[in-house]
Amino acid sequence: MSKQEELVSMVQNAFEMKGTAIVIGATKYEDTVLPQALVKAPLKTFNRHGLIAGATGTGKTKTLQKLAEQLSMNGVPSLLMDIKGDLSGISQAGTSNPKIEERHQLIGVNWEGVAMPVEFLTISEEKGVKMRATISEFGPVLLSKILELNDTQSGVVSMIFKYCDDRQLPLLDIKDFRKVCQHLQTDKGKDEIEKDYGLASSASIGAIMRNILEVEQQGADRFFGEPSFEVEDLLRTDSRGYGYCNVLRLNDLQAKPALFSTFMLCLLAEIYEKFPEQGDQDKPKLCIFIDEAHLIFNEASKSLLNQITTIVKLIRSKGVGLFFITQDPTDVPEEVLGQLGMKIQHALRAFTEKDRKAIKTIAENFPLSDYYKTSDLLTSLGIGEALVTVLNEKGIPTPLVHAYLTAPQSRMDVISEQELNDIVGDSQLAKKYNQDIDRQSAFEILSGKLEQKVQETEEKQVEEEEAPKEKKGKSTFEEVMNSSVTRTIVREVTRGLLGVLGLKGSSSRKKSSWF
């Protein structure tokens with residue numbers, strides 16, 4: 001038996017699946033594509049997570065797109081992080097061309113253009129369904145990370161959250177948090193927080209408020225507020241039984257990695273909290289594809305990295321699979337990399353001695369192969385080719401295979417502005433989440449107290465003016481107006497109350513889940 005025949009037999013045995021499986025491509029040996037040796041991934045193991053890696057232009061995004069399509073056709077919804085803006089085409093049927101026809105003829109698999117059901121989501125000014133969360137739902141730890149605070153300032157943020165919880169001051173958006181910070185700089189506010197929780201220095205609160213201004217300028221205030229996005233809305237299917245591909249448009253967040261990484265961690269934590277335990281099923285409940293994954297890990301502190309690792313380990317029991325897409329596998333920490341069952345490695349480039357050493361290390365992380373020299377193959381893979389290893393139905397890693405990958409069946413290009421407008425305009429989720437709600441919260445409550453204090457002061461002034469003058473000296477009103485408390489109140493009224501006049505009042509409603 002020749003080496004090629006041995007490889008075919010090995011692949012057929014290793015990738016033989018009893019349940020539903022997704023075809024990734026056909027085995028390639030030297031320059032020959034072997035259609036009788038298809039490379040498959042069992043649907044039931046997609047909650048064991050995965051990695052798609054490779055240099056720019058090697059086909060990572062098309063691989064991501066193809067996996068999301070196949071999951072959708074099998075009734076599994078997905079959440080796709082579209083940082084480069086090139087995943088919108090999944091909403092439209094692809095059109096054939098000679099290259100696609102030639103590729104699929106070699107693979108031995110039919111190709112047909114198919115459009116997937118898509119929702120476009122946004123946490124910025126991009127068009128789409130608004131994904132928002134309240135300040136309270138974000139919590140002090142993640143909010144401190146977004147604000148890039150030191151340990152002392154983070155401790156003050158935790159005190160502020162406790163202060164608001166105990167006094168039933170809802171923290172819904174940025175203006176609520178700022179108003180509380182302003183209140184705690186008054187004499188009354190200082191006394192209240194120091195009495196029950198300890199010293200919160202003016203310098204720390206001032207630094208927090210300056211950083212709030214910075215994140216507002218970056219657009220972070222747009223995803224703080226109500227209505228909060230309910231993660232269960234990511235699990236929808238259409239009338240064909242296809243799972244929705246939820247495309248989160250992040251084109252304008254590439255330069256704001258702290259916002260992106262914190263948002264992702266909060267989303268994963270919310271999904272883990274809300275989804276019920278389901279163990280290993282015939283297919284996952286949801287798959288999340290995180291493009292440019294290094295943006296998450298590069299900005300993560302040690303404590304946050306530990307949280308990410310913990311979530312990756314535990315979230316599979318909720319039926320959720322995580323797929324990290326990045327140029328270099330070493331962008332993903334070893335603690336996380338060891339949890340990824342599927343690895344699809346596109347070509348790498350070796351321009352420097354450092355690159356060559358990195359490739360050697362990456363090659364050692366793959367299963368040993370009798371048919372391929374991994375370190376050499378990593379730099380010679382063509383576009384639309386990859387080294388693939390997955391978990392079989394028993395959870396055992398398959399041998400490493402050089403795969404000639406199938407092409408996406410949806411459009412491999414961006415959609416037009418009109419097509420985007422049509423999809424967003426027809427979205428039921430957009431009707432649900434794109435209406436702003438501004439119910440009574442910390443801002444309105446504290447502003448109301450200031451108004452009441454000013455009114456009481458004015459009433460005292462009238463009483464003093466109407467009362468008979470028995471002796472000279474400072475009136476009660478003068479004493480009140482000269483007090484530090486009243487001076488602070490007047491200053492806060494000047495800065496804050498004018499903004500309240502333009503706010504819409506709304507009836508109280510039951511608070512939804514975070515995200």
# chains A, B, ... in the order shown; residues from 1 in each chain; ligands from 1
$ select_by_dssp --residues "segment 37-260 of chain A" --states "alpha helix (DSSP H)" --output "number ranges by chain"
A: 60-73, 98-107, 135-147, 151-166, 174-183, 187-196, 202-217, 257-260
$ residues_around --residues "Lys130 of chain A" --least-positions-apart "3" --cutoff "12 Å" --atoms "only C-alpha atoms" --output "ChimeraX atom specification"
/A:119-127,133,222-230,247-249,424,427,429-436,515
$ closest_residue --among "A:Lys175, A:Leu51, A:Phe323, A:Thr262" --to "Leu304 of chain A" --atoms "only C-alpha atoms"
A:Thr262
$ residues_around --residues "Ile146 of chain A" --least-positions-apart "4" --cutoff "8 Å" --atoms "only C-alpha atoms" --output "ChimeraX atom specification"
/A:142,215,258-259,262
$ atom_distance --atom1 "atom CA of Gly341 of chain A" --atom2 "atom CA of Thr406 of chain A"
20.4 Å
$ closest_atom_pairs --of "segment 268-355 of chain A" --to "segment 22-41 of chain A" --cutoff "12 Å" --atoms "only C-alpha atoms" --output "tab-separated table"
residue	atom	partner	partner_atom	distance
A:Lys283	CA	A:Ile22	CA	11.3
A:Gly341	CA	A:Ala41	CA	10.5
A:Met342	CA	A:Ala41	CA	8.3
A:Lys343	CA	A:Ala41	CA	10.7
A:Ile344	CA	A:Ile24	CA	9.6
$ atom_distance --atom1 "atom CA of Leu400 of chain A" --atom2 "atom CA of Leu67 of chain A"
18.8 Å
$ residues_around --residues "Leu171 of chain A" --least-positions-apart "3" --cutoff "10 Å" --atoms "only C-alpha atoms" --output "VMD selection string"
chain A and resid 134 to 139 161 164 to 165 168 174 to 180 224 to 225 440 to 443
$ residues_around --residues "segment 332-338 of chain A" --least-positions-apart "5" --cutoff "9 Å" --atoms "only C-alpha atoms" --output "list of chain:residue names"
A:Gly50, A:Leu51, A:Ala293, A:His294, A:Phe297, A:Leu305, A:Asn306, A:Ile308, A:Thr309, A:Thr310, A:Val312, A:Lys313, A:Phe324, A:Thr326
$ write_last_selection --atoms "C-alpha atoms" --output "CSV table (one decimal), in the first residue's frame"
chain,number,residue,atom,x,y,z
A,50,GLY,CA,-12.0,25.9,18.5
A,51,LEU,CA,-9.2,28.0,16.9
A,293,ALA,CA,-9.1,37.5,19.5
A,294,HIS,CA,-5.8,39.1,20.5
A,297,PHE,CA,-6.2,38.8,25.6
A,305,LEU,CA,-7.7,36.4,32.2
A,306,ASN,CA,-8.5,34.0,35.0
A,308,ILE,CA,-12.0,34.3,30.8
A,309,THR,CA,-10.2,30.9,31.3
A,310,THR,CA,-12.8,29.9,33.8
A,312,VAL,CA,-14.1,28.9,28.6
A,313,LYS,CA,-13.8,25.8,30.7
A,324,PHE,CA,-11.2,32.3,18.5
A,326,THR,CA,-6.4,35.3,15.2
$ select_by_dssp --residues "segment 97-170 of chain A" --states "strand (DSSP E)" --output "list in words"
Val118, Glu119, Phe120, Leu121, Thr122, Val129 and Lys130 of chain A
$ residues_around --residues "Asn74 of chain A" --least-positions-apart "5" --cutoff "9 Å" --atoms "only C-alpha atoms" --output "PyMOL selection string"
chain A and resi 20+43+69+241-243+283
$ write_last_selection --atoms "all heavy atoms" --output "compact mmCIF listing (two decimals), in the first residue's frame"
# COMPACT_ATOMS: atom_id res chain seq x y z
N THR A 20 -24.57 13.59 12.86
CA THR A 20 -24.43 14.69 11.90
C THR A 20 -23.03 15.30 11.98
O THR A 20 -22.51 15.54 13.07
CB THR A 20 -25.48 15.78 12.18
OG1 THR A 20 -26.78 15.20 12.17
CG2 THR A 20 -25.40 16.88 11.13
N LEU A 43 -21.02 17.52 14.65
CA LEU A 43 -21.78 18.66 15.16
C LEU A 43 -21.82 18.66 16.69
O LEU A 43 -21.78 19.72 17.33
CB LEU A 43 -23.20 18.63 14.59
CG LEU A 43 -24.05 19.88 14.77
CD1 LEU A 43 -23.41 21.08 14.11
CD2 LEU A 43 -25.45 19.65 14.21
N GLU A 69 -22.26 29.11 8.35
CA GLU A 69 -23.31 28.67 7.41
C GLU A 69 -23.77 27.25 7.73
O GLU A 69 -24.98 26.98 7.81
CB GLU A 69 -22.77 28.69 5.98
CG GLU A 69 -22.53 30.05 5.38
CD GLU A 69 -21.87 29.93 4.01
OE1 GLU A 69 -21.59 28.79 3.57
OE2 GLU A 69 -21.63 30.97 3.39
N GLY A 241 -36.00 26.57 9.77
CA GLY A 241 -35.27 25.87 10.81
C GLY A 241 -33.80 26.24 10.84
O GLY A 241 -33.02 25.65 11.61
N TYR A 242 -33.39 27.23 10.02
CA TYR A 242 -32.01 27.69 10.02
C TYR A 242 -31.76 28.57 11.25
O TYR A 242 -32.59 29.42 11.59
CB TYR A 242 -31.71 28.51 8.76
CG TYR A 242 -31.50 27.71 7.50
CD1 TYR A 242 -31.98 26.41 7.38
CD2 TYR A 242 -30.82 28.25 6.42
CE1 TYR A 242 -31.79 25.68 6.21
CE2 TYR A 242 -30.62 27.53 5.25
CZ TYR A 242 -31.11 26.24 5.15
OH TYR A 242 -30.92 25.53 4.00
N GLY A 243 -30.62 28.40 11.90
CA GLY A 243 -30.27 29.26 13.03
C GLY A 243 -29.82 30.63 12.54
O GLY A 243 -29.16 30.76 11.50
N LYS A 283 -26.21 18.58 19.25
CA LYS A 283 -25.69 19.80 18.62
C LYS A 283 -25.63 20.90 19.66
O LYS A 283 -26.35 20.87 20.67
CB LYS A 283 -26.56 20.22 17.43
CG LYS A 283 -28.00 20.58 17.79
CD LYS A 283 -28.78 20.94 16.54
CE LYS A 283 -30.22 21.34 16.88
NZ LYS A 283 -30.99 21.67 15.65
$ closest_residue --among "A:Asp86, A:Glu385, A:Glu216, A:Asp196" --to "Tyr404 of chain A" --atoms "only C-alpha atoms"
A:Glu385
$ closest_residue --among "A:Tyr244, A:Trp111, A:Phe15, A:Tyr197" --to "Ile90 of chain A" --atoms "only C-alpha atoms"
A:Tyr244
$ residues_around --residues "Leu348 of chain A" --least-positions-apart "6" --cutoff "9 Å" --atoms "only C-alpha atoms" --output "list in words"
Ala53, Gly54, Ala55, Thr56, Thr58, Gln327, Asp328, Asp355, Ile359, Leu378, Thr379, Ser380 and Leu381 of chain A
$ atom_distance --atom1 "atom CA of Val320 of chain A" --atom2 "atom CA of Cys287 of chain A"
5.6 Å
$ closest_residue --among "A:Val401, A:Cys266, A:Ala68, A:Ile160" --to "Phe46 of chain A" --atoms "only C-alpha atoms"
A:Ala68
